[in-house]
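Enquirer: Input file: data00.cif. Contents: mmCIF, C-alpha atoms, pLDDT in the B column; chains and numbers go by the auth columns.
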```cif
data_target
#
loop_
_atom_site.group_PDB
_atom_site.id
_atom_site.type_symbol
_atom_site.label_atom_id
_atom_site.label_comp_id
_atom_site.label_asym_id
_atom_site.label_seq_id
_atom_site.Cartn_x
_atom_site.Cartn_y
_atom_site.Cartn_z
_atom_site.B_iso_or_equiv
_atom_site.auth_seq_id
_atom_site.auth_asym_id
ATOM 1 C CA MET A 1 44.707 -13.949 27.319 71.00 1 A
ATOM 2 C CA THR A 2 41.591 -11.886 26.641 85.00 2 A
ATOM 3 C CA GLY A 3 39.955 -11.923 30.069 93.00 3 A
ATOM 4 C CA PHE A 4 36.652 -13.229 28.717 91.00 4 A
ATOM 5 C CA ASN A 5 35.206 -16.203 26.858 90.00 5 A
ATOM 6 C CA ILE A 6 32.638 -16.358 24.114 87.00 6 A
ATOM 7 C CA SER A 7 30.078 -18.984 25.065 91.00 7 A
ATOM 8 C CA ALA A 8 27.847 -19.041 21.965 92.00 8 A
ATOM 9 C CA THR A 9 26.712 -17.219 18.850 93.00 9 A
ATOM 10 C CA ASN A 10 23.475 -15.402 19.696 95.00 10 A
ATOM 11 C CA HIS A 11 22.183 -14.306 16.279 97.00 11 A
ATOM 12 C CA THR A 12 22.928 -12.810 12.897 97.00 12 A
ATOM 13 C CA SER A 13 21.016 -9.624 12.049 97.00 13 A
ATOM 14 C CA PHE A 14 19.888 -7.997 8.820 97.00 14 A
ATOM 15 C CA THR A 15 18.231 -4.614 8.383 97.00 15 A
ATOM 16 C CA VAL A 16 15.346 -4.914 5.932 97.00 16 A
ATOM 17 C CA SER A 17 13.027 -2.408 4.274 97.00 17 A
ATOM 18 C CA ASP A 18 9.862 -4.535 4.505 97.00 18 A
ATOM 19 C CA LEU A 19 9.648 -6.901 7.463 98.00 19 A
ATOM 20 C CA ASP A 20 6.543 -8.652 6.127 98.00 20 A
ATOM 21 C CA ARG A 21 8.248 -9.408 2.804 97.00 21 A
ATOM 22 C CA SER A 22 11.406 -10.675 4.501 98.00 22 A
ATOM 23 C CA LEU A 23 9.446 -12.859 6.905 98.00 23 A
ATOM 24 C CA GLY A 24 7.593 -14.263 3.901 97.00 24 A
ATOM 25 C CA PHE A 25 10.895 -15.438 2.452 98.00 25 A
ATOM 26 C CA PHE A 26 12.593 -16.706 5.594 98.00 26 A
ATOM 27 C CA CYS A 27 9.488 -18.290 7.159 98.00 27 A
ATOM 28 C CA ASP A 28 7.220 -19.234 4.266 97.00 28 A
ATOM 29 C CA VAL A 29 9.840 -20.180 1.659 97.00 29 A
ATOM 30 C CA LEU A 30 12.733 -21.412 3.814 97.00 30 A
ATOM 31 C CA GLY A 31 10.490 -22.792 6.567 97.00 31 A
ATOM 32 C CA PHE A 32 12.085 -21.023 9.526 98.00 32 A
ATOM 33 C CA ASP A 33 10.048 -20.364 12.684 98.00 33 A
ATOM 34 C CA LEU A 34 9.017 -16.867 13.769 98.00 34 A
ATOM 35 C CA LEU A 35 9.919 -16.635 17.466 98.00 35 A
ATOM 36 C CA ASN A 36 8.660 -13.114 18.161 98.00 36 A
ATOM 37 C CA ARG A 37 8.046 -9.777 16.525 98.00 37 A
ATOM 38 C CA GLY A 38 7.535 -6.331 17.934 98.00 38 A
ATOM 39 C CA PRO A 39 8.683 -2.732 18.341 98.00 39 A
ATOM 40 C CA ARG A 40 11.499 -1.619 20.631 97.00 40 A
ATOM 41 C CA ASP A 41 11.714 1.450 22.855 97.00 41 A
ATOM 42 C CA PRO A 42 13.085 4.252 20.615 97.00 42 A
ATOM 43 C CA ASP A 43 15.028 5.942 23.453 96.00 43 A
ATOM 44 C CA PHE A 44 16.812 2.687 24.259 97.00 44 A
ATOM 45 C CA ILE A 45 17.510 1.891 20.599 97.00 45 A
ATOM 46 C CA GLU A 46 18.928 5.387 19.993 96.00 46 A
ATOM 47 C CA ARG A 47 21.467 4.716 22.749 96.00 47 A
ATOM 48 C CA VAL A 48 22.359 1.241 21.466 97.00 48 A
ATOM 49 C CA VAL A 49 22.828 2.117 17.767 97.00 49 A
ATOM 50 C CA ALA A 50 23.880 5.768 18.271 97.00 50 A
ATOM 51 C CA ILE A 51 21.376 7.009 15.671 96.00 51 A
ATOM 52 C CA PRO A 52 19.049 9.849 16.730 96.00 52 A
ATOM 53 C CA GLY A 53 15.451 9.076 15.816 96.00 53 A
ATOM 54 C CA ALA A 54 16.018 5.319 15.561 97.00 54 A
ATOM 55 C CA ASP A 55 12.653 3.588 15.686 97.00 55 A
ATOM 56 C CA ILE A 56 12.588 -0.128 14.921 98.00 56 A
ATOM 57 C CA GLU A 57 10.484 -3.236 14.712 98.00 57 A
ATOM 58 C CA VAL A 58 12.321 -6.513 15.268 98.00 58 A
ATOM 59 C CA ALA A 59 11.551 -10.118 14.366 98.00 59 A
ATOM 60 C CA TYR A 60 13.533 -13.117 15.575 98.00 60 A
ATOM 61 C CA ILE A 61 13.372 -16.263 13.500 98.00 61 A
ATOM 62 C CA GLN A 62 14.906 -19.654 14.147 98.00 62 A
ATOM 63 C CA ALA A 63 16.832 -21.344 11.369 97.00 63 A
ATOM 64 C CA PRO A 64 18.269 -24.831 11.856 96.00 64 A
ATOM 65 C CA GLY A 65 21.039 -24.315 14.399 95.00 65 A
ATOM 66 C CA HIS A 66 21.026 -20.521 14.201 96.00 66 A
ATOM 67 C CA ARG A 67 18.822 -17.554 15.075 98.00 67 A
ATOM 68 C CA LEU A 68 18.283 -14.614 12.724 98.00 68 A
ATOM 69 C CA GLU A 69 17.155 -11.112 13.676 98.00 69 A
ATOM 70 C CA LEU A 70 15.400 -8.978 11.077 98.00 70 A
ATOM 71 C CA ILE A 71 15.100 -5.259 11.815 98.00 71 A
ATOM 72 C CA GLN A 72 12.926 -2.744 9.997 98.00 72 A
ATOM 73 C CA TYR A 73 13.687 0.906 10.807 98.00 73 A
ATOM 74 C CA HIS A 74 10.683 3.220 10.764 97.00 74 A
ATOM 75 C CA GLY A 75 12.923 6.187 11.632 97.00 75 A
ATOM 76 C CA PRO A 76 14.958 8.258 11.156 96.00 76 A
ATOM 77 C CA GLY A 77 14.280 9.540 7.662 94.00 77 A
ATOM 78 C CA GLY A 78 16.897 9.502 4.943 94.00 78 A
ATOM 79 C CA ARG A 79 17.755 5.813 5.249 93.00 79 A
ATOM 80 C CA ARG A 80 19.709 4.246 2.382 93.00 80 A
ATOM 81 C CA GLN A 81 20.213 0.783 0.995 92.00 81 A
ATOM 82 C CA VAL A 82 23.690 -0.725 1.021 90.00 82 A
ATOM 83 C CA GLU A 83 24.752 -1.896 -2.419 89.00 83 A
ATOM 84 C CA ALA A 84 27.923 -3.835 -1.733 91.00 84 A
ATOM 85 C CA ARG A 85 29.299 -6.376 -4.175 92.00 85 A
ATOM 86 C CA PRO A 86 30.796 -9.651 -2.948 94.00 86 A
ATOM 87 C CA CYS A 87 34.272 -8.196 -3.636 95.00 87 A
ATOM 88 C CA ASP A 88 33.686 -5.036 -1.535 95.00 88 A
ATOM 89 C CA SER A 89 35.060 -4.791 2.003 94.00 89 A
ATOM 90 C CA GLY A 90 32.263 -5.059 4.524 93.00 90 A
ATOM 91 C CA PHE A 91 30.142 -7.289 2.292 94.00 91 A
ATOM 92 C CA ALA A 92 28.448 -10.102 4.211 95.00 92 A
ATOM 93 C CA HIS A 93 26.262 -13.058 3.402 96.00 93 A
ATOM 94 C CA ILE A 94 24.696 -16.013 5.153 97.00 94 A
ATOM 95 C CA ALA A 95 24.941 -19.570 3.819 97.00 95 A
ATOM 96 C CA PHE A 96 22.493 -22.425 4.260 97.00 96 A
ATOM 97 C CA ASP A 97 22.993 -26.074 3.385 97.00 97 A
ATOM 98 C CA VAL A 98 20.134 -27.423 1.268 97.00 98 A
ATOM 99 C CA ASP A 99 19.338 -30.895 -0.008 97.00 99 A
ATOM 100 C CA ASP A 100 18.172 -29.650 -3.425 97.00 100 A
ATOM 101 C CA ILE A 101 19.752 -26.436 -4.697 97.00 101 A
ATOM 102 C CA ASP A 102 17.547 -26.273 -7.798 98.00 102 A
ATOM 103 C CA ALA A 103 14.373 -26.477 -5.671 97.00 103 A
ATOM 104 C CA ALA A 104 15.756 -23.776 -3.320 98.00 104 A
ATOM 105 C CA ILE A 105 16.413 -21.480 -6.281 98.00 105 A
ATOM 106 C CA ALA A 106 12.966 -22.104 -7.795 98.00 106 A
ATOM 107 C CA ALA A 107 11.158 -21.410 -4.494 97.00 107 A
ATOM 108 C CA SER A 108 13.251 -18.294 -3.864 98.00 108 A
ATOM 109 C CA LYS A 109 12.593 -16.886 -7.342 97.00 109 A
ATOM 110 C CA LYS A 110 8.839 -16.953 -6.639 97.00 110 A
ATOM 111 C CA VAL A 111 9.333 -14.245 -3.969 97.00 111 A
ATOM 112 C CA GLY A 112 11.937 -12.209 -5.850 97.00 112 A
ATOM 113 C CA VAL A 113 15.089 -13.677 -4.294 98.00 113 A
ATOM 114 C CA LEU A 114 17.159 -14.176 -7.424 98.00 114 A
ATOM 115 C CA PRO A 115 20.401 -16.035 -8.181 98.00 115 A
ATOM 116 C CA LEU A 116 23.431 -13.914 -9.086 97.00 116 A
ATOM 117 C CA GLY A 117 24.436 -16.617 -11.557 97.00 117 A
ATOM 118 C CA PRO A 118 23.821 -20.296 -12.228 98.00 118 A
ATOM 119 C CA PRO A 119 24.685 -22.898 -9.571 98.00 119 A
ATOM 120 C CA GLN A 120 28.304 -23.977 -9.719 98.00 120 A
ATOM 121 C CA ASP A 121 29.954 -27.307 -8.981 98.00 121 A
ATOM 122 C CA LEU A 122 32.467 -27.082 -6.142 97.00 122 A
ATOM 123 C CA ASP A 123 35.832 -28.585 -7.063 97.00 123 A
ATOM 124 C CA ARG A 124 37.763 -27.805 -3.867 96.00 124 A
ATOM 125 C CA GLY A 125 37.399 -26.920 -0.202 95.00 125 A
ATOM 126 C CA PRO A 126 35.271 -28.541 2.504 94.00 126 A
ATOM 127 C CA ASN A 127 32.210 -28.722 0.208 94.00 127 A
ATOM 128 C CA LYS A 128 34.080 -30.288 -2.749 96.00 128 A
ATOM 129 C CA GLY A 129 31.649 -32.310 -4.860 97.00 129 A
ATOM 130 C CA GLY A 130 28.684 -30.142 -3.911 97.00 130 A
ATOM 131 C CA ARG A 131 27.004 -27.216 -5.632 98.00 131 A
ATOM 132 C CA VAL A 132 26.724 -23.536 -4.681 98.00 132 A
ATOM 133 C CA VAL A 133 24.788 -20.429 -5.703 98.00 133 A
ATOM 134 C CA TYR A 134 24.515 -16.869 -4.368 98.00 134 A
ATOM 135 C CA THR A 135 21.036 -15.320 -4.324 98.00 135 A
ATOM 136 C CA ARG A 136 20.014 -11.773 -3.444 97.00 136 A
ATOM 137 C CA ASP A 137 16.760 -10.352 -2.074 97.00 137 A
ATOM 138 C CA ALA A 138 15.183 -6.943 -2.714 95.00 138 A
ATOM 139 C CA ASP A 139 17.182 -5.390 0.158 96.00 139 A
ATOM 140 C CA GLY A 140 20.488 -6.619 -1.265 95.00 140 A
ATOM 141 C CA ILE A 141 20.892 -9.364 1.348 96.00 141 A
ATOM 142 C CA THR A 142 22.880 -12.220 -0.133 97.00 142 A
ATOM 143 C CA ILE A 143 21.880 -15.761 0.771 97.00 143 A
ATOM 144 C CA GLU A 144 24.185 -18.557 -0.324 98.00 144 A
ATOM 145 C CA PHE A 145 22.747 -22.019 -0.848 97.00 145 A
ATOM 146 C CA ILE A 146 25.151 -24.946 -0.647 98.00 146 A
ATOM 147 C CA GLN A 147 24.132 -28.430 -1.651 97.00 147 A
ATOM 148 C CA PRO A 148 26.696 -30.681 0.052 96.00 148 A
ATOM 149 C CA PRO A 149 28.184 -33.539 -1.921 94.00 149 A
ATOM 150 C CA LYS A 150 26.170 -36.736 -2.107 85.00 150 A
ATOM 151 C CA SER A 151 27.619 -39.332 0.254 75.00 151 A
#
```
Starting from the coordinates I provided, produce the structure as structure tokens.
Expert:
Amino acid sequence: MTGFNISATNHTSFTVSDLDRSLGFFCDVLGFDLLNRGPRDPDFIERVVAIPGADIEVAYIQAPGHRLELIQYHGPGGRRQVEARPCDSGFAHIAFDVDDIDAAIAASKKVGVLPLGPPQDLDRGPNKGGRVVYTRDADGITIEFIQPPKS
């Protein structure tokens, strides 16, 4: 017994270096809806993330069945980019079902979101008979596209 219940998933968040570029991919290429965008109070954000000098701009976008939060930090200085590999602990990715994996790859390439390798046929698991590819954007965010099997 935990003493509480989780009622829903609220969002998945990614820190990005260029909010405009990321919105271009998620909204213009993938077709997600921008819900809102704006700065947050730095004093409040410092307390939430425990980083002195934290100064952010946040955009919420709606994907089918899930909300994404994109955060661009304008402060503090000295920020780094995470360069985790899929085999490294702490690595994360988000996966989207698509009806045409080749079209998703082609559209993504136009904005610099590149496949890590060629699409692969799935021969086991819940998506058996489908195809899969990992792609990565300029910030190192990995987006998996899954084309479910044809029914």
Enquirer: Given the PyMOL selection byres ((chain A and resi 61-75) around 6) and the file above, list the residues it selects as a ChimeraX atom specification.
Expert: /A:11-17,19,32-35,53-60,76-77
Enquirer: Around (24.6, -21.3, -5.2), as given in the file, which residues come within 8 Å? Count all atoms listed in the file and list them as an NGL selection string.
Expert: :A and (101 or 115 or 117-120 or 131-135 or 144-147)
Enquirer: Hey, which of A:Thr142, A:Ser108, A:Asn127, A:Ser151 ends up closest to A:Asp28? Count only C-alpha atoms.
Expert: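 Between A:Thr142, A:Ser108, A:Asn127, A:Ser151, the residue approaching A:Asp28 most closely is A:Ser108.
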Enquirer: Can you tell me, as JSON, the centre and edge lengths (Å, one decimal) of the axis-aligned box enclosing all of stretch 111-123 of chain A's listed atoms after padding each side by 5 Å?
Expert:
```
{"center_x": 22.6, "center_y": -20.4, "center_z": -8.1, "size_x": 36.5, "size_y": 26.4, "size_z": 18.3}
```
Enquirer: With the PyMOL selection byres ((chain A and resi 137) around 10) as the selection, what would be picked from this file? Answer as a PyMOL selection string, please.
Expert: chain A and resi 16+21-22+25+108-109+111-115+135-136+138-143
Enquirer: Can you measure atom CA of A:Ser89 to atom CA of A:Gly24 for me? One decimal in Å is fine.
Expert: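 Computing it gives 29.1 Å between the two atoms.
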Enquirer: Kindly give the distance, in Å, that separates atom CA of A:Asp41 and atom CA of A:Gln81, rounded to a single decimal.
Expert: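 Value for the atom CA of A:Asp41-atom CA of A:Gln81 distance: 23.5 Å.
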